[in-house]
Amino acid sequence: MARLNDQVAALLQEYADLLLLTGGDAYRARAYEKAARAVGGHPDDLAALDAKGLQQIPGVGKSTAEKITEYLATGRVAKLEQLRAEIPAGLREIMAVPTIGPKKAALLHRELGISTVDELRAAAETDRLNDLPGLGARTAENIRHGIDQLRAGGGRVLISTATELAEEIVAAVSAAPGCERCGHAGSLRRMRETIGDVDVLAVAEDSAPLMAALTDLPQVTEVIATGTTKTSVRTTAGLQVDLRVVPPGDWGAALVYFTGSKAHNIALRARAVRAGLKLSEYGLFEADGGRKIVSATEEEVYEALGLSWIPPTLREDRGETDAALAGELPDLVQESDICGDLHTHTDLTDGLAPLEAMLAAAADRSLAYVAVTDHAPDLAMQRMTDAKMLAQREQARALDRRYRGLRVLHGTELNIDRDGNVDWLPEFLAGFDLCVASIHSHFTADRDTQTRRLIRACENPYVHVIGHPTTRLLGRRPPIDVDLEAVYEACARTGTVLEINASPERLDLGDQDILAARRHGVRFAVDTDAHAVPHLANLRYGIGTAQRGWLTADEVVNTWPLQKLRRYLKKKS
DNA sequence: GCCGTTTTCGGCCCGACTGTTTTCAGTCG
């Protein structure tokens with residue numbers, strides 16, 4: 001079951017969609033969309049708030065607060081039920097088809113009685129769509145194509161997939177004649193956990209060679225649209241790429257604009273309007289007269305709006321503009337702050353590389369320490385034994401300081417069973433420098449069981465870190481159903497560290513959970529869970545996620561020098 | 001529906017592209 005705040009956010013978003021489908025006031029719908037975002041991103045549990053408290057959330061007014069209170073009390077919202085009764089559920093799904101928005105969806109339903117994607121598909125196969133005002137032959141073709149894309153899982157991809165593609169495209173466009181500057185923007189620059197499309201921005205007097213460099217790439221399967229300022233293509237990865245080319249001098253304003261998020265841009269624009277200015281991708285202008293004030297760098301744009309530069313990972317309209325105004329932006333943890341990795345595997349269990357190779361690679365990445373944490377016996381398929389583990393410990397001790405002074409911590413990744421117990425007896429556990437404990441089974445146990453299970457693990461004096469706490473796999477497995485607030489409380493109470501697993505398939509904890517956990521004073525570890533040498537480079541995705549959770553270096557224990565970390569770990573057992 | 005460093009009313013971000021239009025509506029980001 002989703003977190004209460006997320007449930008409410010989904011209801012408010014649905015309400016906004018249904019308002020649009022019934023031709024309601026667009027501003028009213030936008031107000032609900034904004035409230036949905038605000039509620040989803042709100043750190044406190046809504047159940048703890050009364051109507052007064054709810055209205056303290058920016059974007060939530062009297063009417064929205066009433067709907068939330070009604071939902072909390074009765075589990076329903078009468079106005080929403082009313083709209084649901086009026087509009088077939090499938091119409092919302094139709095809006096997910098590219099080129100179909102609320103207006104076309106409503107028109108299709110009103111004129112042709114279409115209320116599901118399948119019915120739309122059938123209608124697009126015939127000439128029935130051509131009779132509608134404003135729809136022609138191309139429209140039907142676009143709809144057929146859009147449905148194909150949707151069905152092909154045209155959803156979001158992992159950040160690693162998008163990063164690799166973006167780097168190839170930036171390299172190709174940068175090499176085009178006349179390209180003065182090129183980089184990626186969009187949700188990828190903000191380091192969202194999954195990516196819907198890749199935005200690339202470039203600077204040139206003449207855009208044509210740059211557009212050609214993109215459309216000529218072998219990864220491009222289809223050119224969706226092309227003009228002098230924007231070209232959109234689809235790639236073999238199934239991912240859409242938008243390339244925008246702006247004139248020299250407009251880089252900063254364009255980068256702000258195309259980095260987003262949309263909500264952040266709206267907040268910036270509203271701020272500009274209040275100051276008698278107008279912000280677009282071409283610069284910051286005086287509202288009357290239109291004189292350009294700045295556009296060359298992001299720093300200039302933010303400064304002219306009275307704000308310090310806001311890191312892209314914070315640009316989600318979660319209070320970052322207010323913080324920038326007050327000079328209270330967090331000093332975000334950087335990849336260069338990381339001194340060690342506390343969760344890695346070798347070929348002793350399911351890793352690919354031998355211990356020496358992992359240590360050498362960690363040293364090459366300039367880490368000061370690394371914990372080797374192979375699986376423990378309860379994961380039977382890993383065939384771990386006491387003897388094997390002790391032999392590895394001896395080997396680890398022998399290799400300590402051998403690679404550029406790298407310190408080696410001998411650890412393990414314990415398995416948290418259904419009742420919250422872990423592998424081995426206390427006497428054996430006491431021999432490890434560090435223990436990570438994670439859930440690897442019973443993903444569908446009920447909420448009470450999962451909560452009890454994780455709290456029990458936190459209370460184990462030998463468990464230092466909870467690995468991938470929700471066990472979600474992005475796009476494949478949902479997070480376990482657990483009372484995370486209770487787990488955060490237990491972590492804070494026992495000094496147990498929560499992992500931010502940097503594997504692009506996990507990114508667990510995610511940014512919203514981090515924001516909630518840090519309010520309990522929890523400490524975090526950004527770990528790669530590397531099962532191979534290249535996985536050590538995934539650290540950047542974990543750092544991006546930590547930044548999206550507003551974390552500073554001090555809140556992340558593996559930015560600490562080894563001595564300080566050891567003292568912290570010792571306090572527990 | 002929400003909101004306020006001119007405002008408790010009257011605004012609410014802005015531009016590109018597409019398709020079907022002879023001047024614009026819808027969608028998208």
# chains A, B, ... in the order shown; residues from 1 in each chain; ligands from 1
>>> interface_residues(of="chain B", to="chain A", cutoff="7 Å", atoms="only C-alpha atoms (C1' of nucleotides)", output="VMD selection string")
chain B and resid 1 to 2 12 to 14 20 27
>>> write_last_selection(atoms="C-alpha atoms (C1' of nucleotides)", output="short mmCIF file (atom, residue, chain, number, x, y, z; two decimals), in the first residue's frame")
data_model
loop_
_atom_site.label_atom_id
_atom_site.label_comp_id
_atom_site.auth_asym_id
_atom_site.auth_seq_id
_atom_site.Cartn_x
_atom_site.Cartn_y
_atom_site.Cartn_z
"C1'" DG B 1 -8.96 26.51 -6.37
"C1'" DC B 2 -5.18 29.35 -4.52
"C1'" DC B 12 -2.64 32.31 -12.61
"C1'" DC B 13 4.39 30.47 -17.16
"C1'" DC B 14 5.49 30.54 -21.80
"C1'" DT B 20 -5.93 21.52 -39.84
"C1'" DT B 27 -0.57 19.26 -26.93
#
>>> select_by_dssp(residues="stretch 123-258 of chain A", states="strand (DSSP E or B)", output="compact mmCIF listing (two decimals) with N, CA, C and O atoms, in the first residue's frame")
# COMPACT_ATOMS: atom_id res chain seq x y z
N VAL A 157 12.77 4.87 -18.29
CA VAL A 157 13.92 3.96 -18.23
C VAL A 157 14.77 4.31 -17.01
O VAL A 157 14.62 5.37 -16.41
N LEU A 158 15.66 3.39 -16.68
CA LEU A 158 16.56 3.62 -15.56
C LEU A 158 17.50 4.77 -15.87
O LEU A 158 17.84 5.02 -17.02
N ARG A 181 28.76 24.77 -27.43
CA ARG A 181 28.57 24.22 -26.09
C ARG A 181 27.43 23.21 -26.16
O ARG A 181 26.48 23.39 -26.93
N CYS A 182 27.51 22.16 -25.37
CA CYS A 182 26.44 21.16 -25.41
C CYS A 182 26.43 20.39 -24.09
O CYS A 182 27.48 20.10 -23.53
N GLY A 183 25.24 20.10 -23.61
CA GLY A 183 25.12 19.33 -22.38
C GLY A 183 23.69 18.85 -22.23
O GLY A 183 22.81 19.27 -22.97
N HIS A 184 23.47 17.94 -21.27
CA HIS A 184 22.11 17.46 -21.08
C HIS A 184 21.40 18.28 -20.00
O HIS A 184 22.04 18.86 -19.14
N THR A 194 14.00 7.64 -12.40
CA THR A 194 13.78 7.10 -13.73
C THR A 194 13.59 8.28 -14.68
O THR A 194 13.23 9.37 -14.25
N ILE A 195 13.81 8.02 -15.98
CA ILE A 195 13.83 9.11 -16.95
C ILE A 195 12.85 8.81 -18.08
O ILE A 195 12.84 7.71 -18.63
N ASP A 197 12.36 11.03 -20.90
CA ASP A 197 13.04 11.38 -22.16
C ASP A 197 14.31 12.17 -21.84
O ASP A 197 14.49 12.65 -20.73
N VAL A 198 15.16 12.26 -22.83
CA VAL A 198 16.45 12.92 -22.64
C VAL A 198 16.41 14.29 -23.31
O VAL A 198 16.04 14.40 -24.48
N ASP A 199 16.75 15.33 -22.57
CA ASP A 199 16.83 16.69 -23.11
C ASP A 199 18.28 17.08 -23.28
O ASP A 199 19.06 17.00 -22.33
N VAL A 200 18.63 17.48 -24.51
CA VAL A 200 20.00 17.93 -24.75
C VAL A 200 19.93 19.37 -25.24
O VAL A 200 19.09 19.72 -26.08
N LEU A 201 20.81 20.20 -24.70
CA LEU A 201 20.83 21.62 -25.04
C LEU A 201 22.17 21.95 -25.67
O LEU A 201 23.21 21.45 -25.23
N ALA A 202 22.14 22.79 -26.73
CA ALA A 202 23.39 23.17 -27.37
C ALA A 202 23.35 24.63 -27.77
O ALA A 202 22.27 25.22 -27.90
N VAL A 203 24.52 25.20 -27.96
CA VAL A 203 24.66 26.59 -28.39
C VAL A 203 25.34 26.61 -29.75
O VAL A 203 26.39 25.98 -29.92
N VAL A 220 19.26 6.39 -33.65
CA VAL A 220 17.98 7.06 -33.92
C VAL A 220 17.14 6.21 -34.86
O VAL A 220 17.58 5.86 -35.95
N THR A 221 15.93 5.85 -34.39
CA THR A 221 15.07 5.02 -35.22
C THR A 221 13.99 5.82 -35.92
O THR A 221 13.39 5.36 -36.88
N GLU A 222 13.73 7.03 -35.45
CA GLU A 222 12.62 7.80 -36.00
C GLU A 222 12.82 9.28 -35.68
O GLU A 222 13.21 9.62 -34.56
N VAL A 223 12.58 10.13 -36.66
CA VAL A 223 12.60 11.58 -36.41
C VAL A 223 11.16 12.02 -36.20
O VAL A 223 10.34 11.94 -37.11
N ILE A 224 10.86 12.44 -35.00
CA ILE A 224 9.47 12.79 -34.66
C ILE A 224 9.12 14.19 -35.15
O ILE A 224 8.04 14.43 -35.67
N ALA A 225 10.03 15.11 -34.97
CA ALA A 225 9.78 16.49 -35.38
C ALA A 225 11.12 17.17 -35.54
O ALA A 225 12.07 16.87 -34.82
N THR A 226 11.19 18.11 -36.48
CA THR A 226 12.44 18.84 -36.60
C THR A 226 12.19 20.26 -37.06
O THR A 226 11.34 20.52 -37.91
N LYS A 230 14.35 23.12 -32.39
CA LYS A 230 14.12 21.86 -31.69
C LYS A 230 14.00 20.69 -32.65
O LYS A 230 13.33 20.79 -33.67
N THR A 231 14.64 19.59 -32.28
CA THR A 231 14.47 18.34 -33.01
C THR A 231 14.19 17.24 -32.00
O THR A 231 14.84 17.17 -30.95
N SER A 232 13.19 16.41 -32.30
CA SER A 232 12.85 15.29 -31.42
C SER A 232 13.02 13.98 -32.19
O SER A 232 12.54 13.88 -33.32
N VAL A 233 13.70 13.03 -31.56
CA VAL A 233 13.87 11.73 -32.21
C VAL A 233 13.54 10.63 -31.22
O VAL A 233 13.50 10.86 -30.01
N ARG A 234 13.28 9.44 -31.75
CA ARG A 234 13.16 8.27 -30.90
C ARG A 234 14.37 7.38 -31.17
O ARG A 234 14.89 7.35 -32.27
N THR A 235 14.82 6.70 -30.10
CA THR A 235 16.05 5.92 -30.23
C THR A 235 15.79 4.44 -30.01
O THR A 235 14.70 4.05 -29.58
N GLN A 240 12.84 8.87 -26.08
CA GLN A 240 12.78 10.06 -26.92
C GLN A 240 13.89 11.03 -26.52
O GLN A 240 14.18 11.19 -25.33
N VAL A 241 14.50 11.64 -27.49
CA VAL A 241 15.54 12.65 -27.22
C VAL A 241 15.12 13.96 -27.89
O VAL A 241 14.77 13.98 -29.07
N ASP A 242 15.13 15.04 -27.12
CA ASP A 242 14.86 16.38 -27.66
C ASP A 242 16.16 17.17 -27.66
O ASP A 242 16.78 17.31 -26.61
N LEU A 243 16.54 17.67 -28.81
CA LEU A 243 17.71 18.56 -28.89
C LEU A 243 17.22 19.98 -29.14
O LEU A 243 16.46 20.22 -30.08
N ARG A 244 17.62 20.91 -28.29
CA ARG A 244 17.28 22.33 -28.48
C ARG A 244 18.57 23.08 -28.73
O ARG A 244 19.55 22.88 -28.02
N VAL A 245 18.54 23.95 -29.72
CA VAL A 245 19.72 24.76 -30.02
C VAL A 245 19.36 26.22 -29.83
O VAL A 245 18.35 26.69 -30.36
N VAL A 246 20.16 26.91 -29.02
CA VAL A 246 19.90 28.33 -28.75
C VAL A 246 21.11 29.15 -29.20
O VAL A 246 22.20 28.62 -29.34
>>> atom_distance(atom1="atom CA of A:Asn460", atom2="atom CA of A:Thr496")
9.2 Å
>>> residues_around(residues="A:Arg121", least_positions_apart="3", cutoff="10 Å", atoms="only C-alpha atoms (C1' of nucleotides)", output="list of chain:residue names")
A:Ile114, A:Thr116, A:Val117, A:Asp118, A:Ala124, A:Glu125, A:Thr126, A:Ala140, A:Ile143, A:Arg144, A:His145, A:Gly146, A:Ile147, A:Asp148
>>> residues_around(residues="A:Glu111", least_positions_apart="6", cutoff="10 Å", atoms="only C-alpha atoms (C1' of nucleotides)", output="JSON, numbers by chain")
{"A": [129, 131, 132]}
